[in-house]
Structures are given as structure tokens and as C-alpha cells.
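Take a look at the structure below.
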Protein chains: 2
Amino acid sequence: MQCLRYQDGRLRLAREPFVDRSNEAVVRVHLAGICGTDLHILNGYAQFSGIPGHEFVGTVEAAPDDQRQWIGRRVVGEINVGCGSCAWCAAGVKEHCLSRTVIGIRERDGAFAELLSLPVANLLEVPAHVGDQAAVFTEPIAAACRILEQVALTGDHRVAVLGDGRLGLLTAQVLRTTGARVTVRGRHARKLAVAHALGLESELDSAASSTDYDVVVDATGRAEGLTRCLELVKPRGTVILKTTCHGDSSWPAWTAVVDEITLIGSRCGPFAPALRMLASGAVQTAPLVAGTLPLAEYASAFELARRELKVLFSL
Amino acid sequence: MQCLRYQDGRLRLAREPFVDRSNEAVVRVHLAGICGTDLHILNGYAQFSGIPGHEFVGTVEAAPDDQRQWIGRRVVGEINVGCGSCAWCAAGVKEHCLSRTVIGIRERDGAFAELLSLPVANLLEVPAHVGDQAAVFTEPIAAACRILEQVALTGDHRVAVLGDGRLGLLTAQVLRTTGARVTVRGRHARKLAVAHALGLESELDSAASSTDYDVVVDATGRAEGLTRCLELVKPRGTVILKTTCHGDSSWPAWTAVVDEITLIGSRCGPFAPALRMLASGAVQTAPLVAGTLPLAEYASAFELARRELKVLFSL
């Protein structure tokens with residue numbers, strides 16, 4: 001199969017045999033999305049080596065004997081695979097299993113390939129009226145839905161999503177379903193215009209602007225984002241941490257103490273509500289797609305993803 | 001009056017007239033404690049200029065006409081003074097009033113002086129059977145009590161207090177009143193021996209040790225403390241931030257995201273439960289006192305406070 005392989009700090013197009021994992025489903029990938037985390041992985045984040053990519057939609061091509069009813073179904077897939085025997089797995093929280101693998105991120109090949117392997121338990125069928133170009137966004141929307149499990153947002157809350165990128169525009173749409181007043185704050189006029197087109201309140205982020213948010217989400221993907229979040233949030237407010245940069249970063253920890261800020265690390269989320277938001281139209285994805293390219297044009301695709309919103313691989 | 005004055009980066013012994021604030025009480029200080037924050041202030045933290053010191057016990061010597069019943073009472077005092085008219089003050093949360101002053105920390109002279117000024121509303125009378133040497137610890141114990149308002153601890157929780165210093169040994173005593181299993185983790189055999197004498201579980205902190213705590217309190221007073229807290233806490237656990245160092249510091253923010261850690265900034269706390277814990281004997285302070293010196297020996301006092309546990313000024 002054709003795939004992208006990242007090894008020894010270099011990404012290359014490869015053609016190689018697909019390695020089947022017993023007791024898992026084989027999914028033929030239709031579309032795969034490039035995420036900010038993929039860009040960080042190419043900078044050394046998570047010390048990953050293998051086929052990157054963790055956002056996909058595809059069709060089940062093979063499945064273990066007792067799960068053959070999945071063959072032919074159009075699916076998306078949760079990215080964490082637990083050991084199945086630890087306390088975390090027993091509690092159904094495989095994303096914190098200490099022995100977990102994660103497609104395209106941790107010791108498991110990912111979605112920038114014609115085929116990928118995942119346990120059937122990780123798969124969710126995509127409703128017929130949700131197209132591939134929307135369904136491929138399920139994983140990042142699920143990550144935004146995780147915030148709803150961590151903070152009880154209501155119409156009384158003022159929320160800033162800092163960052164007008166892919167994750168910012170999805171997160172803002174997810175959070176506004178709670179009735180909270182959500183503002184996207186960013187630095188790119190053309191991305192803020194997309195936010196506006198999505199009906200989101202948006203504002204060019206400048207040092208002088210409002211600093212009285214109850215909740216601020218760091219969706220900047222930049223290490224410096226947190227410092228700005230601490231300026232924007234009000235005392236005793238909450239900052240949601242979504243940025244995963246490689247290595248250590250610098251922040252004014254003392255301000256979090258003095259203003260008694262709560263910071264909440266937030267990673268993977270539930271796929272079912274994410275699919276429901278796509279099905280209901282509560283989250284729109286079409287305006288985010290900056291381009292759809294074949295794997296062979298991976299260099300252009302990553303270059304585009306560094307500047308623009310969502311870039312998809314078509315397989 | 002005699003006092004210590006910090007100005008232009010230099011601490012000196014001074015003799016100067018006491019400046020009365022109208023509508024406030026005048027307290028004659030008996031004892032004042034040196035806190036880790038005071039040491040940071042002498043390194044530039046909070047850009048403070050004036051008389052430092054915010055832990056004290058004393059006797060009210062003068063009070064506004066309608067509050068003269070306070071004269072002669074032995075008191076401790078909450079350190080934040082709000083504007084009295086903002087939403088925070090209206091909510092009784094003067095410690096987050098944006099225009100607040102704070103004795104010895106922010107635009108208000110502190111306790112390393114024979115006399116200090118505070119609104120009567122900030123004062124609490126000390127029960128007769130709580131001696132000065134215990135009462136002078138009320139403020140840092142209150143700061144530890146703040147954690148109880150922020151996290152609901154029970155007997156099911158494993159808690160590490162990282163740091164075997166002044167704040168660590170007080171915090172561990174406060175948190176164990178919840179029934180939680182609390183371990184002090186530190187680097188100083190003689191301070192851990194004090195922890196042991198206080199009946200606290202204690203352990204020399206080493207890289208290899210347990211990393212499965214539900215809650216970890218950073219009471220290290222060092223910028224590097226947070227990184228170690230993130231190693232000790234389990235996924236989805238909570239880190240309480242108590243350290244206020246001057247300037248920015250470095251941390252592996254991505255681990256807080258991947259492990260979905262909640263970090264909670266924690267500053268000043270309620271004095272009433274702190275006094276109750278002193279009155280009941282739940283918190284012991286005598287083993288923490290490393291020395292009691294006159295203001296004139298401030299150089300030795302600060303030198304001692306850098307190495308040992310609590311150092312008091314006797315006035």
C-alpha cells in the first residue's frame with residue numbers, strides 16, 4: 001500500500017506491504033486530516049516513528065470472524081488502543097492506559113496510508129447523511145467535546161477560544177452549543193473571516209483587549225499561547241490546555257497562583273457526541289477545508305497545513 | 001518605630017514615624033514570621049517596596065471610634081485589603097479585588113515593624129489558649145486551608161505534599177484532617193525528621209519513587225517544583241500550585257495535556273478554620289520554629305530562614 005512514513009526525522013512517501021494485526025479491523029482510508037499535532041510530531045513531539053495521521057474516515061474491509069458484520073461499513077475511529085487489562089481500561093478510559101498505543105502518535109501506524117488497523121471496539125459507524133468531508137473531522141471535534149466533560153458551561157459563561165486555527169474554529173462551535181457566549185480570538189484576518197462565516201463571534205487578538213473571560217481555551221498550538229490565556233482569563237477563571245508542543249515551555253506560573261487560575265489539561269474526547277454534532281449541523285466543517293491532496297503531494301500538503309486551516313489527504 | 005524597609009533592592013533596619021491610616025486599627029506586633037514569599041520578594045518578586053512581612057500576631061492599640069471595643073484584643077489579621085466597592089469586594093472576596101493592597105506584598109506596609117495598620121474587618125481575635133508562637137502561623141495555615149475549599153479531599157485520596165519546608169509541613173497537617181493519606185516528600189533529612197515528629201508520613205523524594213498520587217501540592221517554593229509534581233501525579237490527577245517565584249519558569253506543558261492534569265492556583269485562605277486547627281491542636285507549630293530574633297538581627301534571620309524552617313521576629 002501507499003503511505004507516508006516518518007523515520008529518523010524525515011517524512012517520505014513509501015509503498016510497502018500492509019501489516020495486518022490479528023483481532024482487529026482493517027479500514028480502507030477515504031480521507032485523512034492533517035492536525036496541528038502532526039506538525040508537532042514532525043518537529044520531534046512524542047518521539048513518534050511510523051505512519052502518522054490520526055484523523056480519518058474509511059470503510060471496513062476486513063474484520064475478525066465474530067465481527068464480520070462491520071465489513072463494508074463507513075467508519076471513523078477512536079485513536080487510543082488500551083491494553084485491555086489495567087484499571088484504566090477496566091474503567092473504559094483507554095486513553096490513559098499506561099501501555100496504550102495511539103494511531104499515528106504512539107507505537108501504532110496511523111491514517112496517512114491506504115489501509116489502517118484498529119480494534120472494532122474503536123470504530124463508530126458514520127450516519128449516511130454525514131459526508132466523508134465532514135466525518136473526517138470527528139476526531140478533533142471529539143477532542144473539543146472533551147472540554148464539555150471537564151467544565152460545566154452555561155449561558156452565564158463568557159468563553160474565549162484563543163487561536164483561529166483548525167482546532168479553534170471547531171472548539172468554538174462545540175462550546176457554543178452550551179449557550180455560553182464564545183469568542184474566537186486570533187491573529188489572522190482571513191481565518192477570523194471563516195469564524196465569522198460560521199456565525200462565531202470573533203476578534204483580532206491584541207494586547208489591549210478584554211481580559212474578563214470565565215474560561216479561555218488555548219487552541220493556539222504555540223507554547224506562548226498559555227501566557228496570553230493567563231492575561232485574558234479573569235481571577236479564579238479556568239484555562240483549558242489543548243496545546244502539545246515538543247519540550248519544555250516558559251510561563252508566568254506565579255500569575256496562576258496569585259489569580260488562583262485553574263488549568264485543565266484536555267486531550268481526546270468522545271466520538272458519539274461529535275458525530276451527533278456533525279449530523280445535526282451544529283458543527284460545520286466545509287469552510288475549514290483549505291485543500292484535498294493525494295499522499296504523493298505530501299510536501300505541499302504539510303506546507304499548506306502550516307499556513308491554512310484543514311488540509312486533507314485523499315486516498 | 002523600628003522596622004525593616006525594603007527599597008531599591010536593599011533591606012535595611014529603619015527607625016521612622018508610624019503613619020496612621022484613618023479608619024483602620026493600629027496593631028502592636030508581638031511576633032512576625034518570615035515566609036518563603038518574603039525571600040522571593042527580596043529577589044524582586046511582586047516589585048514590592050516598603051515594609052515586608054505578612055504573618056503576625058499582635059495587640060490592637062488603637063481603633064476607629066465605633067470599633068474601640070477591639071482595643072487591647074490579641075489578634076491576627078487577613079492580609080488583603082479590598083477597595084470595598086467592586087464586584088469582588090461585594091462578594092466578600094477581597095483577595096481578588098483588582099485594587100487591593102496586601103500587607104508586606106502590595107502597596108501596603110507589613111509586619112516587620114513595631115506597629116502596623118489594618119482595617120478592623122481584617123482582624124480575628126486569638127483564643128486565649130493559643131499562644132503567640134502558634135498564632136503567628138495563622139496566615140500560612142489559612143493558605144493551606146484554601147486548598148480544602150478548592151479540592152474535596154476524602155479518605156480515598158492519596159496526597160503528596162512536595163516540599164519539606166515551612167509551608168509543606170503546615171499544609172500536610174491541614175490536609176490530613178480530611179482523612180486523606182498524606183505524604184510529605186522532601187530533600188532534607190532533618191526537615192523530614194520534623195515531619196515524622198509531627199506524625200506525618202514522609203519520604204525522601206527521589207526520581208524512582210511512587211507516581212500515583214491523586215493530588216500533589218507544590219510547596220517547594222522553587223520554579224522546578226512543578227515539573228516534579230507532574231511526575232508524581234497520576235493521569236487525571238490534580239496539582240495544587242502554591243509556589244510564587246519571580247518571573248517566568250519552564251515546564252513540560254504537554255504532559256499536563258497528555259495526562260489531562262488539573263492545576264489549581266491557590267493563594268490566601270480563610271483565617272477562622274486556621275485558628276480552629278491551632279486551637280484544637282490539629283496543627284502543631286512548635287517543632288517548626290528554628291529561631292526567634294530581634295529585627296536588628298534581620299540579616300541572620302533571613303539567612304537562617306533560607307536554610308531552616310520558620311524564623312520569627314520578636315518585636
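Residues in the C-alpha cells are named by chain (A, B, ... in the order shown) and by number from 1 within that chain; ligands are numbered from 1 in the order shown.
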**Request:** Name the residues in contact with Arg166 of chain A at a cut-off of 9 Å, using only C-alpha atoms, excluding same-chain residues fewer than 4 positions from it; report them as a list in words.
**Result:** Cys35, Gly36, Pro140, Leu170, Thr171, Ala219, Leu288, Glu308, Leu309 and Lys310 of chain A
Keeping only all heavy atoms, write those residues as a CSV table (one decimal), in the first residue's frame.
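What follows is the written file selection_22.csv:
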```csv
chain,number,residue,atom,x,y,z
A,35,CYS,N,-3.4,17.4,11.3
A,35,CYS,CA,-3.7,18.1,12.6
A,35,CYS,C,-2.5,18.8,13.0
A,35,CYS,O,-1.3,18.5,12.6
A,35,CYS,CB,-4.1,17.0,13.6
A,35,CYS,SG,-4.1,17.5,15.3
A,36,GLY,N,-2.7,19.8,13.9
A,36,GLY,CA,-1.5,20.5,14.5
A,36,GLY,C,-0.5,19.6,15.2
A,36,GLY,O,0.7,19.8,15.1
A,140,PRO,N,-11.1,15.6,15.9
A,140,PRO,CA,-10.8,16.9,16.5
A,140,PRO,C,-12.1,17.5,17.2
A,140,PRO,O,-12.0,18.1,18.2
A,140,PRO,CB,-10.3,17.8,15.4
A,140,PRO,CG,-10.7,17.1,14.1
A,140,PRO,CD,-10.7,15.6,14.4
A,170,LEU,N,-13.3,24.7,15.4
A,170,LEU,CA,-14.1,23.6,15.8
A,170,LEU,C,-14.5,23.7,17.3
A,170,LEU,O,-15.7,23.5,17.6
A,170,LEU,CB,-13.4,22.2,15.6
A,170,LEU,CG,-13.0,21.9,14.1
A,170,LEU,CD1,-12.2,20.6,14.1
A,170,LEU,CD2,-14.3,21.7,13.3
A,171,THR,N,-13.6,24.0,18.1
A,171,THR,CA,-13.8,24.1,19.5
A,171,THR,C,-14.9,25.2,19.8
A,171,THR,O,-15.8,25.0,20.6
A,171,THR,CB,-12.5,24.4,20.3
A,171,THR,OG1,-11.6,23.4,20.1
A,171,THR,CG2,-12.8,24.6,21.8
A,219,ALA,N,-6.1,27.1,22.1
A,219,ALA,CA,-6.1,26.4,20.9
A,219,ALA,C,-5.1,27.0,19.9
A,219,ALA,O,-5.2,26.9,18.7
A,219,ALA,CB,-7.5,26.3,20.3
A,288,LEU,N,-13.8,25.1,6.5
A,288,LEU,CA,-12.4,24.9,7.1
A,288,LEU,C,-11.4,24.2,6.1
A,288,LEU,O,-10.2,24.2,6.3
A,288,LEU,CB,-12.4,24.1,8.4
A,288,LEU,CG,-12.7,24.8,9.7
A,288,LEU,CD1,-14.1,25.4,9.8
A,288,LEU,CD2,-12.3,24.0,10.9
A,308,GLU,N,-2.6,27.4,6.5
A,308,GLU,CA,-4.1,27.5,6.3
A,308,GLU,C,-4.8,26.6,7.3
A,308,GLU,O,-4.2,26.0,8.2
A,308,GLU,CB,-4.5,27.1,4.9
A,308,GLU,CG,-3.8,28.1,3.8
A,308,GLU,CD,-4.2,29.5,4.0
A,308,GLU,OE1,-5.3,29.8,4.5
A,308,GLU,OE2,-3.4,30.4,3.6
A,309,LEU,N,-6.1,26.4,7.1
A,309,LEU,CA,-6.9,25.6,8.0
A,309,LEU,C,-6.7,24.1,7.7
A,309,LEU,O,-5.6,23.6,7.6
A,309,LEU,CB,-8.4,26.1,8.0
A,309,LEU,CG,-8.5,27.5,8.6
A,309,LEU,CD1,-9.9,28.1,8.3
A,309,LEU,CD2,-8.3,27.4,10.1
A,310,LYS,N,-7.8,23.3,7.5
A,310,LYS,CA,-7.6,21.9,7.4
A,310,LYS,C,-7.2,21.5,6.0
A,310,LYS,O,-7.8,21.9,5.0
A,310,LYS,CB,-9.0,21.2,7.8
A,310,LYS,CG,-9.0,19.7,7.8
A,310,LYS,CD,-8.0,19.2,8.8
A,310,LYS,CE,-8.5,19.3,10.2
A,310,LYS,NZ,-7.5,18.8,11.2
```
**Request:** For chain B, work out the contacting residues on chain A at 7 Å, counting only C-alpha atoms, and write them as a count of residues only.
**Result:** 27
**Message:** Using only C-alpha atoms, can you tell me which of B:Ala113, B:Val311, B:Met1, B:Leu11 comes closest to His30 of chain B?
**Reply:** B:Ala113
**Request:** Give the answer as one residue: which of B:Ala160, B:Ile34, B:Ala272, B:Ala111 has the shortest atom-to-atom distance to Cys145 of chain B, using only C-alpha atoms?
**Result:**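 Closest to Cys145 of chain B, using only C-alpha atoms: B:Ala272.
When the distance limit is 6 Å and only C-alpha atoms are what count, the residues near Tyr6 of chain B, minus those fewer than 2 positions from it on the same chain, are Arg10, Leu11, Ser49 and Gly50 of chain B.
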Output of the above residues as a PDB file, in the first residue's frame, restricted to C-alpha atoms:
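The result, written out as part-v9.pdb:
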```pdb
ATOM      1  CA  ARG B  10      18.001  46.596  49.580  1.00  0.00           C
ATOM      2  CA  LEU B  11      16.648  45.660  53.019  1.00  0.00           C
ATOM      3  CA  SER B  49       8.801  48.388  48.031  1.00  0.00           C
ATOM      4  CA  GLY B  50       8.068  49.148  51.707  1.00  0.00           C
TER       5      GLY B  50
END
```
**Request:** Write out as a PyMOL selection string each polymer residue whose atoms come within 9 Å of Glu125 of chain B, counting only C-alpha atoms; drop sequence neighbours fewer than 4 positions from it.
**Result:** chain B and resi 70+73-77
Store the residues of this selection in a file with N, CA and C atoms, as a PDB file, in the first residue's frame.
```pdb
ATOM      1  N   TRP B  70     -12.259  46.811  70.132  1.00  0.00           N
ATOM      2  CA  TRP B  70     -11.143  45.962  69.716  1.00  0.00           C
ATOM      3  C   TRP B  70      -9.841  46.295  70.437  1.00  0.00           C
ATOM      4  N   ARG B  73      -7.361  43.786  72.363  1.00  0.00           N
ATOM      5  CA  ARG B  73      -7.512  42.382  71.963  1.00  0.00           C
ATOM      6  C   ARG B  73      -6.256  41.882  71.241  1.00  0.00           C
ATOM      7  N   ARG B  74      -5.984  40.598  71.471  1.00  0.00           N
ATOM      8  CA  ARG B  74      -4.855  39.961  70.788  1.00  0.00           C
ATOM      9  C   ARG B  74      -5.385  39.418  69.457  1.00  0.00           C
ATOM     10  N   VAL B  75      -4.731  39.763  68.374  1.00  0.00           N
ATOM     11  CA  VAL B  75      -5.307  39.472  67.050  1.00  0.00           C
ATOM     12  C   VAL B  75      -4.268  38.948  66.052  1.00  0.00           C
ATOM     13  N   VAL B  76      -4.814  38.283  65.054  1.00  0.00           N
ATOM     14  CA  VAL B  76      -4.101  38.037  63.796  1.00  0.00           C
ATOM     15  C   VAL B  76      -4.909  38.765  62.721  1.00  0.00           C
ATOM     16  N   GLY B  77      -4.342  38.865  61.513  1.00  0.00           N
ATOM     17  CA  GLY B  77      -5.045  39.676  60.512  1.00  0.00           C
ATOM     18  C   GLY B  77      -4.936  39.133  59.105  1.00  0.00           C
TER      19      GLY B  77
END
```
**Message:** Can you tell me, as a ChimeraX atom specification, which residues in segment 52-282 of chain A count as alpha helix (DSSP H) by DSSP?
**Reply:** /A:87-90,132-135,138-150,166-176,189-197,225-232,253-258,271-280
**Item:** Interatomic distance (Å, one decimal) between atom CA of Gly155 of chain B and atom CA of Thr183 of chain B
**Value:** 13.3 Å
**Message:** Which residues are close to Leu232 of chain A, i.e. within 7 Å by only C-alpha atoms, leaving aside same-chain residues fewer than 3 positions away? Reply as a PyMOL selection string.
**Reply:** chain A and resi 210-213+228-229
Export of the given selection (all heavy atoms) as a PDB file, in the first residue's frame:
```pdb
ATOM      1  N   SER A 210     -10.191  42.816  25.932  1.00  0.00           N
ATOM      2  CA  SER A 210     -10.878  42.352  27.143  1.00  0.00           C
ATOM      3  C   SER A 210     -10.114  41.240  27.878  1.00  0.00           C
ATOM      4  O   SER A 210      -9.500  40.383  27.262  1.00  0.00           O
ATOM      5  CB  SER A 210     -12.259  41.833  26.747  1.00  0.00           C
ATOM      6  OG  SER A 210     -12.836  41.137  27.822  1.00  0.00           O
ATOM      7  N   THR A 211     -10.181  41.277  29.173  1.00  0.00           N
ATOM      8  CA  THR A 211      -9.444  40.296  29.981  1.00  0.00           C
ATOM      9  C   THR A 211     -10.354  39.789  31.079  1.00  0.00           C
ATOM     10  O   THR A 211      -9.929  39.660  32.215  1.00  0.00           O
ATOM     11  CB  THR A 211      -8.188  40.921  30.604  1.00  0.00           C
ATOM     12  OG1 THR A 211      -8.617  42.032  31.387  1.00  0.00           O
ATOM     13  CG2 THR A 211      -7.223  41.398  29.554  1.00  0.00           C
ATOM     14  N   ASP A 212     -11.571  39.492  30.736  1.00  0.00           N
ATOM     15  CA  ASP A 212     -12.514  39.154  31.780  1.00  0.00           C
ATOM     16  C   ASP A 212     -13.304  37.899  31.412  1.00  0.00           C
ATOM     17  O   ASP A 212     -14.494  37.809  31.671  1.00  0.00           O
ATOM     18  CB  ASP A 212     -13.451  40.349  32.013  1.00  0.00           C
ATOM     19  CG  ASP A 212     -14.074  40.286  33.400  1.00  0.00           C
ATOM     20  OD1 ASP A 212     -13.465  39.661  34.286  1.00  0.00           O
ATOM     21  OD2 ASP A 212     -15.173  40.826  33.570  1.00  0.00           O
ATOM     22  N   TYR A 213     -12.610  36.923  30.834  1.00  0.00           N
ATOM     23  CA  TYR A 213     -13.273  35.690  30.436  1.00  0.00           C
ATOM     24  C   TYR A 213     -13.310  34.699  31.598  1.00  0.00           C
ATOM     25  O   TYR A 213     -12.335  34.562  32.333  1.00  0.00           O
ATOM     26  CB  TYR A 213     -12.536  35.054  29.255  1.00  0.00           C
ATOM     27  CG  TYR A 213     -12.664  35.857  27.980  1.00  0.00           C
ATOM     28  CD1 TYR A 213     -11.656  36.726  27.577  1.00  0.00           C
ATOM     29  CD2 TYR A 213     -13.794  35.747  27.175  1.00  0.00           C
ATOM     30  CE1 TYR A 213     -11.775  37.471  26.417  1.00  0.00           C
ATOM     31  CE2 TYR A 213     -13.920  36.485  26.015  1.00  0.00           C
ATOM     32  CZ  TYR A 213     -12.911  37.340  25.635  1.00  0.00           C
ATOM     33  OH  TYR A 213     -13.030  38.072  24.483  1.00  0.00           O
ATOM     34  N   ARG A 228      -0.656  34.240  27.122  1.00  0.00           N
ATOM     35  CA  ARG A 228      -1.747  35.123  26.680  1.00  0.00           C
ATOM     36  C   ARG A 228      -3.080  34.696  27.318  1.00  0.00           C
ATOM     37  O   ARG A 228      -3.880  35.545  27.705  1.00  0.00           O
ATOM     38  CB  ARG A 228      -1.826  35.106  25.148  1.00  0.00           C
ATOM     39  CG  ARG A 228      -2.916  35.964  24.555  1.00  0.00           C
ATOM     40  CD  ARG A 228      -2.709  37.453  24.839  1.00  0.00           C
ATOM     41  NE  ARG A 228      -3.790  38.258  24.300  1.00  0.00           N
ATOM     42  CZ  ARG A 228      -4.212  39.390  24.865  1.00  0.00           C
ATOM     43  NH1 ARG A 228      -3.631  39.851  25.964  1.00  0.00           N
ATOM     44  NH2 ARG A 228      -5.187  40.077  24.320  1.00  0.00           N
ATOM     45  N   CYS A 229      -3.291  33.395  27.444  1.00  0.00           N
ATOM     46  CA  CYS A 229      -4.512  32.912  28.105  1.00  0.00           C
ATOM     47  C   CYS A 229      -4.613  33.467  29.526  1.00  0.00           C
ATOM     48  O   CYS A 229      -5.692  33.842  29.982  1.00  0.00           O
ATOM     49  CB  CYS A 229      -4.537  31.387  28.153  1.00  0.00           C
ATOM     50  SG  CYS A 229      -4.801  30.607  26.556  1.00  0.00           S
TER      51      CYS A 229
END
```
**Request:** Run DSSP on the backbone of this structure and report the residues of segment 143-247 of chain A it assigns to strand (DSSP E), as a PyMOL selection string.
**Result:** chain A and resi 158-162+181-186+201-204+213-218+233-241
**Message:** List as a ChimeraX atom specification the protein and nucleic acid residues near Ser202 of chain B, meaning an atom at most 8 Å away when only C-alpha atoms are counted, but skip any in the same chain fewer than 5 places from it.
**Reply:** /B:183-186,192,195-196
With all heavy atoms kept, could you save the residues just selected as a PDB file, in the first residue's frame?
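The resulting file, again-v1.pdb, is reproduced below:
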```
ATOM      1  N   THR B 183       1.439  12.278  52.258  1.00  0.00           N
ATOM      2  CA  THR B 183       2.875  12.039  52.402  1.00  0.00           C
ATOM      3  C   THR B 183       3.630  13.322  52.090  1.00  0.00           C
ATOM      4  O   THR B 183       3.390  13.942  51.061  1.00  0.00           O
ATOM      5  CB  THR B 183       3.353  10.946  51.419  1.00  0.00           C
ATOM      6  OG1 THR B 183       2.545   9.780  51.589  1.00  0.00           O
ATOM      7  CG2 THR B 183       4.816  10.605  51.648  1.00  0.00           C
ATOM      8  N   VAL B 184       4.527  13.697  53.008  1.00  0.00           N
ATOM      9  CA  VAL B 184       5.436  14.811  52.722  1.00  0.00           C
ATOM     10  C   VAL B 184       6.631  14.250  51.974  1.00  0.00           C
ATOM     11  O   VAL B 184       7.253  13.280  52.425  1.00  0.00           O
ATOM     12  CB  VAL B 184       5.925  15.492  54.018  1.00  0.00           C
ATOM     13  CG1 VAL B 184       6.955  16.571  53.708  1.00  0.00           C
ATOM     14  CG2 VAL B 184       4.755  16.067  54.797  1.00  0.00           C
ATOM     15  N   ARG B 185       6.942  14.827  50.816  1.00  0.00           N
ATOM     16  CA  ARG B 185       8.104  14.387  50.050  1.00  0.00           C
ATOM     17  C   ARG B 185       9.098  15.547  50.000  1.00  0.00           C
ATOM     18  O   ARG B 185       8.754  16.650  49.586  1.00  0.00           O
ATOM     19  CB  ARG B 185       7.693  13.988  48.628  1.00  0.00           C
ATOM     20  CG  ARG B 185       6.556  12.949  48.585  1.00  0.00           C
ATOM     21  CD  ARG B 185       6.366  12.412  47.191  1.00  0.00           C
ATOM     22  NE  ARG B 185       7.566  11.738  46.781  1.00  0.00           N
ATOM     23  CZ  ARG B 185       7.808  10.448  47.009  1.00  0.00           C
ATOM     24  NH1 ARG B 185       6.923   9.700  47.620  1.00  0.00           N
ATOM     25  NH2 ARG B 185       8.940   9.918  46.623  1.00  0.00           N
ATOM     26  N   GLY B 186      10.324  15.277  50.450  1.00  0.00           N
ATOM     27  CA  GLY B 186      11.288  16.372  50.506  1.00  0.00           C
ATOM     28  C   GLY B 186      12.708  15.905  50.283  1.00  0.00           C
ATOM     29  O   GLY B 186      12.945  14.723  50.009  1.00  0.00           O
ATOM     30  N   LEU B 192      12.522  16.394  57.145  1.00  0.00           N
ATOM     31  CA  LEU B 192      11.640  15.220  57.114  1.00  0.00           C
ATOM     32  C   LEU B 192      11.526  14.608  58.512  1.00  0.00           C
ATOM     33  O   LEU B 192      10.489  14.033  58.866  1.00  0.00           O
ATOM     34  CB  LEU B 192      12.162  14.200  56.105  1.00  0.00           C
ATOM     35  CG  LEU B 192      12.029  14.646  54.636  1.00  0.00           C
ATOM     36  CD1 LEU B 192      12.770  13.686  53.709  1.00  0.00           C
ATOM     37  CD2 LEU B 192      10.566  14.752  54.224  1.00  0.00           C
ATOM     38  N   ALA B 195       8.854  16.418  60.117  1.00  0.00           N
ATOM     39  CA  ALA B 195       7.582  15.868  59.624  1.00  0.00           C
ATOM     40  C   ALA B 195       7.223  14.604  60.404  1.00  0.00           C
ATOM     41  O   ALA B 195       6.086  14.442  60.856  1.00  0.00           O
ATOM     42  CB  ALA B 195       7.690  15.566  58.127  1.00  0.00           C
ATOM     43  N   HIS B 196       8.208  13.738  60.566  1.00  0.00           N
ATOM     44  CA  HIS B 196       7.996  12.487  61.288  1.00  0.00           C
ATOM     45  C   HIS B 196       7.566  12.776  62.731  1.00  0.00           C
ATOM     46  O   HIS B 196       6.634  12.153  63.249  1.00  0.00           O
ATOM     47  CB  HIS B 196       9.285  11.661  61.253  1.00  0.00           C
ATOM     48  CG  HIS B 196       9.133  10.307  61.877  1.00  0.00           C
ATOM     49  ND1 HIS B 196       8.473   9.274  61.265  1.00  0.00           N
ATOM     50  CD2 HIS B 196       9.539   9.836  63.080  1.00  0.00           C
ATOM     51  CE1 HIS B 196       8.474   8.215  62.051  1.00  0.00           C
ATOM     52  NE2 HIS B 196       9.127   8.527  63.161  1.00  0.00           N
TER      53      HIS B 196
END
```
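The shell of residues at most 10 Å from Arg28 of chain A, with only C-alpha atoms counted and near chain neighbours (fewer than 4 positions) removed, consists of Phe56, Val57, Gly58, Thr59, Val60, Glu61, Ala62, Gly72, Arg74, Val75, Ala111, Ala113, Glu114, Leu115, Leu116, Ser117 and Leu315 of chain A.
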Pull C-alpha atoms from the residues just selected and write them as a short mmCIF file (atom, residue, chain, number, x, y, z; two decimals), in the first residue's frame.
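Result file result_27.cif:
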```
data_model
loop_
_atom_site.label_atom_id
_atom_site.label_comp_id
_atom_site.auth_asym_id
_atom_site.auth_seq_id
_atom_site.Cartn_x
_atom_site.Cartn_y
_atom_site.Cartn_z
CA PHE A 56 -9.71 9.60 9.14
CA VAL A 57 -12.88 8.26 7.64
CA GLY A 58 -12.89 4.98 5.74
CA THR A 59 -14.63 1.70 5.05
CA VAL A 60 -14.09 -1.55 6.93
CA GLU A 61 -12.51 -4.02 4.55
CA ALA A 62 -11.81 -6.91 6.90
CA GLY A 72 -18.49 -2.59 4.36
CA ARG A 74 -18.25 3.53 6.70
CA VAL A 75 -16.48 4.39 9.95
CA ALA A 111 -4.05 7.14 8.81
CA ALA A 113 -1.96 5.26 4.40
CA GLU A 114 -4.38 3.38 2.19
CA LEU A 115 -5.11 0.89 4.99
CA LEU A 116 -5.02 1.03 8.76
CA SER A 117 -5.71 -1.42 11.56
CA LEU A 315 -6.62 8.11 -0.66
#
```
**Asked** Between A:Val102, A:Leu198, A:Ile71, A:Leu31, which is the closest to Leu293 of chain A once you count only C-alpha atoms?
**Response**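 Result for the nearest residue to Leu293 of chain A: A:Leu31.
Ranking A:Val182, A:Leu275, A:Leu312, A:Val289 by their shortest atom-to-atom distance to Glu55 of chain A, with only C-alpha atoms included, puts A:Leu312 first.
Atom CA of Arg176 of chain B is found 9.2 Å from atom CA of Ala282 of chain B.
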